[in-house]
$ cat query37.tsv   # TSV, N, CA and C atoms
chain	number	residue	atom	x	y	z
A	257	MET	N	76.51	172.95	-49.62
A	257	MET	CA	76.06	172.80	-50.98
A	257	MET	C	74.66	172.20	-50.99
A	258	LYS	N	73.73	172.85	-51.66
A	258	LYS	CA	72.35	172.40	-51.72
A	258	LYS	C	72.19	171.33	-52.81
A	259	PRO	N	71.47	170.24	-52.49
A	259	PRO	CA	71.26	169.21	-53.52
A	259	PRO	C	70.46	169.78	-54.67
A	260	SER	N	70.77	169.30	-55.87
A	260	SER	CA	70.10	169.83	-57.06
A	260	SER	C	68.64	169.38	-57.15
A	261	ASN	N	68.34	168.21	-56.63
A	261	ASN	CA	66.96	167.71	-56.65
A	261	ASN	C	66.48	167.57	-55.21
A	262	THR	N	65.43	168.28	-54.88
A	262	THR	CA	64.87	168.19	-53.54
A	262	THR	C	63.74	167.17	-53.54
A	263	ARG	N	63.32	166.81	-52.36
A	263	ARG	CA	62.17	165.92	-52.23
A	263	ARG	C	60.93	166.53	-52.86
A	264	ARG	N	60.78	167.82	-52.69
A	264	ARG	CA	59.63	168.53	-53.26
A	264	ARG	C	59.64	168.46	-54.79
A	265	ASP	N	60.82	168.63	-55.40
A	265	ASP	CA	60.94	168.52	-56.86
A	265	ASP	C	60.58	167.11	-57.32
A	266	PHE	N	61.05	166.12	-56.58
A	266	PHE	CA	60.74	164.74	-56.93
A	266	PHE	C	59.23	164.49	-56.89
A	267	MET	N	58.56	164.97	-55.83
A	267	MET	CA	57.12	164.76	-55.70
A	267	MET	C	56.35	165.45	-56.82
A	268	LYS	N	56.77	166.65	-57.20
A	268	LYS	CA	56.10	167.34	-58.31
A	268	LYS	C	56.23	166.54	-59.59
A	269	THR	N	57.45	166.08	-59.88
A	269	THR	CA	57.69	165.32	-61.11
A	269	THR	C	56.92	164.01	-61.10
A	270	ALA	N	56.95	163.30	-59.97
A	270	ALA	CA	56.26	162.03	-59.87
A	270	ALA	C	54.75	162.20	-60.02
A	271	SER	N	54.21	163.26	-59.44
A	271	SER	CA	52.76	163.52	-59.55
A	271	SER	C	52.36	163.80	-60.98
A	272	LEU	N	53.15	164.59	-61.66
A	272	LEU	CA	52.84	164.91	-63.06
A	272	LEU	C	52.97	163.68	-63.94
A	273	ALA	N	53.99	162.87	-63.69
A	273	ALA	CA	54.18	161.66	-64.48
A	273	ALA	C	53.04	160.68	-64.26
A	274	THR	N	52.61	160.54	-63.01
A	274	THR	CA	51.50	159.63	-62.70
A	274	THR	C	50.21	160.11	-63.33
A	275	ALA	N	49.95	161.39	-63.26
A	275	ALA	CA	48.73	161.94	-63.85
A	275	ALA	C	48.73	161.73	-65.36
A	276	GLY	N	49.86	161.95	-65.99
A	276	GLY	CA	49.96	161.75	-67.44
A	276	GLY	C	49.79	160.29	-67.82
A	277	ALA	N	50.37	159.39	-67.05
A	277	ALA	CA	50.26	157.97	-67.34
A	277	ALA	C	48.83	157.49	-67.15
A	278	THR	N	48.14	158.05	-66.17
A	278	THR	CA	46.74	157.66	-65.92
A	278	THR	C	45.85	158.07	-67.09
A	279	MET	N	46.10	159.24	-67.63
A	279	MET	CA	45.27	159.71	-68.75
A	279	MET	C	45.51	158.89	-70.01
A	280	LEU	N	46.72	158.33	-70.16
A	280	LEU	CA	47.05	157.58	-71.36
A	280	LEU	C	46.89	156.07	-71.17
A	281	SER	N	46.50	155.66	-70.00
A	281	SER	CA	46.40	154.24	-69.68
A	281	SER	C	45.33	153.55	-70.52
A	282	PRO	N	45.62	152.35	-71.03
A	282	PRO	CA	44.59	151.61	-71.78
A	282	PRO	C	43.45	151.15	-70.89
A	283	PHE	N	43.66	151.16	-69.57
A	283	PHE	CA	42.63	150.72	-68.65
A	283	PHE	C	41.61	151.81	-68.35
A	284	SER	N	41.82	153.01	-68.87
A	284	SER	CA	40.86	154.07	-68.64
A	284	SER	C	39.88	154.22	-69.79
A	285	ILE	N	39.82	153.22	-70.66
A	285	ILE	CA	38.90	153.25	-71.79
A	285	ILE	C	37.49	153.02	-71.27
A	286	PRO	N	36.54	153.89	-71.63
A	286	PRO	CA	35.16	153.70	-71.17
A	286	PRO	C	34.63	152.32	-71.58
A	287	GLY	N	33.97	151.67	-70.66
A	287	GLY	CA	33.41	150.35	-70.94
A	287	GLY	C	34.33	149.21	-70.52
A	288	ALA	N	35.60	149.50	-70.27
A	288	ALA	CA	36.52	148.47	-69.82
A	288	ALA	C	36.46	148.40	-68.29
A	289	TYR	N	36.39	147.20	-67.74
A	289	TYR	CA	36.31	147.05	-66.30
A	289	TYR	C	36.88	145.70	-65.89
A	290	ALA	N	37.19	145.58	-64.64
A	290	ALA	CA	37.65	144.31	-64.08
A	290	ALA	C	36.46	143.62	-63.45
A	291	ALA	N	36.39	142.33	-63.62
A	291	ALA	CA	35.28	141.57	-63.05
A	291	ALA	C	35.41	141.54	-61.53
A	292	GLY	N	34.32	141.74	-60.85
A	292	GLY	CA	34.31	141.72	-59.39
A	292	GLY	C	34.22	140.29	-58.87
A	293	SER	N	34.44	140.15	-57.61
A	293	SER	CA	34.35	138.84	-56.98
A	293	SER	C	33.86	139.03	-55.55
A	294	ASP	N	33.10	138.08	-55.07
A	294	ASP	CA	32.63	138.17	-53.69
A	294	ASP	C	33.52	137.38	-52.73
A	295	ILE	N	34.67	136.89	-53.24
A	295	ILE	CA	35.58	136.12	-52.41
A	295	ILE	C	36.44	137.08	-51.58
A	296	ILE	N	36.52	136.82	-50.29
A	296	ILE	CA	37.41	137.57	-49.40
A	296	ILE	C	38.67	136.74	-49.24
A	297	LYS	N	39.79	137.27	-49.70
A	297	LYS	CA	41.06	136.55	-49.63
A	297	LYS	C	41.78	136.96	-48.35
A	298	ILE	N	42.23	135.95	-47.59
A	298	ILE	CA	42.95	136.24	-46.35
A	298	ILE	C	44.31	135.55	-46.38
A	299	ALA	N	45.25	136.10	-45.62
A	299	ALA	CA	46.57	135.52	-45.46
A	299	ALA	C	46.81	135.32	-43.97
A	300	LEU	N	47.43	134.23	-43.62
A	300	LEU	CA	47.72	133.89	-42.24
A	300	LEU	C	49.20	134.11	-41.98
A	301	ILE	N	49.51	135.01	-41.06
A	301	ILE	CA	50.89	135.24	-40.64
A	301	ILE	C	50.98	134.81	-39.18
A	302	GLY	N	51.67	133.72	-38.96
A	302	GLY	CA	51.76	133.13	-37.63
A	302	GLY	C	50.82	131.96	-37.55
A	303	CYS	N	51.33	130.78	-37.76
A	303	CYS	CA	50.49	129.58	-37.84
A	303	CYS	C	50.31	128.89	-36.49
A	304	GLY	N	50.59	129.60	-35.41
A	304	GLY	CA	50.40	129.03	-34.07
A	304	GLY	C	48.93	129.05	-33.68
A	305	GLY	N	48.68	128.90	-32.40
A	305	GLY	CA	47.31	128.81	-31.91
A	305	GLY	C	46.46	130.04	-32.20
A	306	ARG	N	47.01	131.23	-31.97
A	306	ARG	CA	46.23	132.46	-32.16
A	306	ARG	C	45.89	132.68	-33.64
A	307	GLY	N	46.90	132.52	-34.53
A	307	GLY	CA	46.65	132.73	-35.96
A	307	GLY	C	45.70	131.69	-36.54
A	308	THR	N	45.90	130.43	-36.13
A	308	THR	CA	45.03	129.36	-36.62
A	308	THR	C	43.61	129.56	-36.12
A	309	GLY	N	43.48	129.97	-34.86
A	309	GLY	CA	42.15	130.23	-34.31
A	309	GLY	C	41.43	131.36	-35.04
A	310	ALA	N	42.17	132.42	-35.35
A	310	ALA	CA	41.57	133.54	-36.07
A	310	ALA	C	41.14	133.12	-37.47
A	311	THR	N	41.93	132.26	-38.09
A	311	THR	CA	41.57	131.76	-39.43
A	311	THR	C	40.30	130.94	-39.38
A	312	PHE	N	40.19	130.06	-38.40
A	312	PHE	CA	38.96	129.27	-38.27
A	312	PHE	C	37.75	130.15	-37.95
A	313	GLN	N	37.97	131.21	-37.18
A	313	GLN	CA	36.88	132.15	-36.91
A	313	GLN	C	36.44	132.83	-38.21
A	314	ALA	N	37.39	133.20	-39.05
A	314	ALA	CA	37.05	133.84	-40.32
A	314	ALA	C	36.24	132.91	-41.20
A	315	PHE	N	36.65	131.64	-41.26
A	315	PHE	CA	35.89	130.66	-42.05
A	315	PHE	C	34.49	130.42	-41.47
A	316	GLY	N	34.34	130.60	-40.18
A	316	GLY	CA	33.05	130.36	-39.54
A	316	GLY	C	32.05	131.50	-39.69
A	317	THR	N	32.42	132.60	-40.33
A	317	THR	CA	31.51	133.74	-40.47
A	317	THR	C	30.42	133.53	-41.51
A	318	GLY	N	30.61	132.54	-42.37
A	318	GLY	CA	29.61	132.30	-43.41
A	318	GLY	C	29.88	133.07	-44.70
A	319	HIS	N	30.93	133.88	-44.72
A	319	HIS	CA	31.29	134.59	-45.94
A	319	HIS	C	32.10	133.68	-46.86
A	320	ASN	N	32.22	134.06	-48.11
A	320	ASN	CA	32.99	133.30	-49.09
A	320	ASN	C	34.46	133.69	-48.92
A	321	ILE	N	35.20	132.91	-48.12
A	321	ILE	CA	36.58	133.23	-47.75
A	321	ILE	C	37.52	132.19	-48.33
A	322	LYS	N	38.67	132.67	-48.82
A	322	LYS	CA	39.69	131.80	-49.37
A	322	LYS	C	41.02	132.14	-48.71
A	323	LEU	N	41.69	131.13	-48.16
A	323	LEU	CA	43.03	131.32	-47.59
A	323	LEU	C	44.01	131.25	-48.73
A	324	VAL	N	44.73	132.36	-48.98
A	324	VAL	CA	45.61	132.42	-50.15
A	324	VAL	C	47.09	132.37	-49.80
A	325	ALA	N	47.46	132.63	-48.55
A	325	ALA	CA	48.88	132.61	-48.19
A	325	ALA	C	49.03	132.32	-46.71
A	326	MET	N	50.15	131.65	-46.38
A	326	MET	CA	50.47	131.36	-45.00
A	326	MET	C	51.96	131.60	-44.78
A	327	ALA	N	52.31	132.15	-43.62
A	327	ALA	CA	53.72	132.36	-43.26
A	327	ALA	C	53.86	132.17	-41.76
A	328	ASP	N	54.98	131.60	-41.37
A	328	ASP	CA	55.21	131.39	-39.94
A	328	ASP	C	56.59	131.82	-39.57

$ encode --input "query37.tsv" --output "structure tokens"
Amino acid sequence: MKPSNTRRDFMKTASLATAGATMLSPFSIPGAYAAGSDIIKIALIGCGGRGTGATFQAFGTGHNIKLVAMAD
């Protein structure tokens, strides 16, 4: 028995729905924009020696960097 909805059917429907939502989105109004930022946000996964060292190297580059998340 063949399934009534195939992966291909799903992709077609999802693509059409996404395209329609994009055209109707309030964020697509000409003149509307998101403010940019020069901050580079980084997250540290693994707070041991290697991860901590890489984080300190990132801060040492002279760029505007902000540590926003840590996980170990």

$ residues_near_point --input "query37.tsv" --point "(55.8, 127.4, -37.4)" --cutoff "7 Å" --atoms "all atoms listed in the file" --output "list in words"
Gly302, Cys303, Gly304, Ala327 and Asp328 of chain A

$ atom_distance --input "query37.tsv" --atom1 "atom C of Gly292 in chain A" --atom2 "atom N of Gly316 in chain A"
21.1 Å

$ closest_residue --input "query37.tsv" --among "A:Ile296, A:Ile301, A:Ala291, A:Ala310" --to "Leu323 in chain A" --atoms "only N, CA and C atoms"
A:Ile296

$ atom_distance --input "query37.tsv" --atom1 "CA of Asp294 in chain A" --atom2 "atom C of Gly309 in chain A"
21.7 Å

$ atom_distance --input "query37.tsv" --atom1 "CA of Gly318 in chain A" --atom2 "CA of Gly305 in chain A"
21.4 Å

$ closest_residue --input "query37.tsv" --among "A:Met326, A:Ala270, A:Ala314, A:Ile321" --to "Ala299 in chain A" --atoms "only C-alpha atoms"
A:Met326

$ select_by_dssp --input "query37.tsv" --residues "range 287-319 of chain A" --states "helix (DSSP H, G or I)" --output "number ranges by chain"
A: 305-315

$ decode --input "query37.tsv" --residues "range 289-302 of chain A" --atoms "N, CA, C and O atoms" --output "compact mmCIF listing (two decimals), in the first residue's frame"
# COMPACT_ATOMS: atom_id res chain seq x y z
N TYR A 289 13.67 47.48 8.29
CA TYR A 289 14.93 46.75 8.36
C TYR A 289 15.29 46.49 9.82
O TYR A 289 14.77 47.14 10.72
N ALA A 290 16.17 45.57 10.02
CA ALA A 290 16.70 45.29 11.36
C ALA A 290 18.02 46.03 11.50
O ALA A 290 18.81 46.11 10.57
N ALA A 291 18.23 46.58 12.67
CA ALA A 291 19.47 47.31 12.91
C ALA A 291 20.64 46.33 12.95
O ALA A 291 20.55 45.26 13.54
N GLY A 292 21.72 46.70 12.32
CA GLY A 292 22.92 45.87 12.30
C GLY A 292 23.74 46.07 13.56
O GLY A 292 23.53 46.99 14.34
N SER A 293 24.69 45.21 13.75
CA SER A 293 25.57 45.31 14.91
C SER A 293 26.94 44.79 14.50
O SER A 293 27.05 43.87 13.70
N ASP A 294 27.97 45.38 15.07
CA ASP A 294 29.31 44.89 14.77
C ASP A 294 29.81 43.91 15.82
O ASP A 294 30.96 43.51 15.81
N ILE A 295 28.92 43.49 16.73
CA ILE A 295 29.30 42.56 17.78
C ILE A 295 29.29 41.13 17.22
O ILE A 295 28.32 40.72 16.59
N ILE A 296 30.35 40.40 17.46
CA ILE A 296 30.42 38.99 17.10
C ILE A 296 30.09 38.20 18.35
O ILE A 296 30.81 38.28 19.35
N LYS A 297 28.99 37.46 18.31
CA LYS A 297 28.57 36.68 19.48
C LYS A 297 29.13 35.27 19.35
O LYS A 297 29.00 34.64 18.32
N ILE A 298 29.76 34.80 20.44
CA ILE A 298 30.31 33.45 20.43
C ILE A 298 29.73 32.66 21.60
O ILE A 298 29.29 33.22 22.60
N ALA A 299 29.72 31.34 21.44
CA ALA A 299 29.29 30.42 22.49
C ALA A 299 30.43 29.44 22.74
O ALA A 299 31.08 28.99 21.80
N LEU A 300 30.66 29.11 23.97
CA LEU A 300 31.71 28.18 24.36
C LEU A 300 31.09 26.85 24.74
O LEU A 300 30.26 26.79 25.65
N ILE A 301 31.44 25.81 24.01
CA ILE A 301 31.00 24.45 24.34
C ILE A 301 32.24 23.67 24.73
O ILE A 301 33.10 23.40 23.91
N GLY A 302 32.33 23.36 26.00
CA GLY A 302 33.51 22.69 26.54
C GLY A 302 34.36 23.71 27.25
O GLY A 302 35.14 24.43 26.62
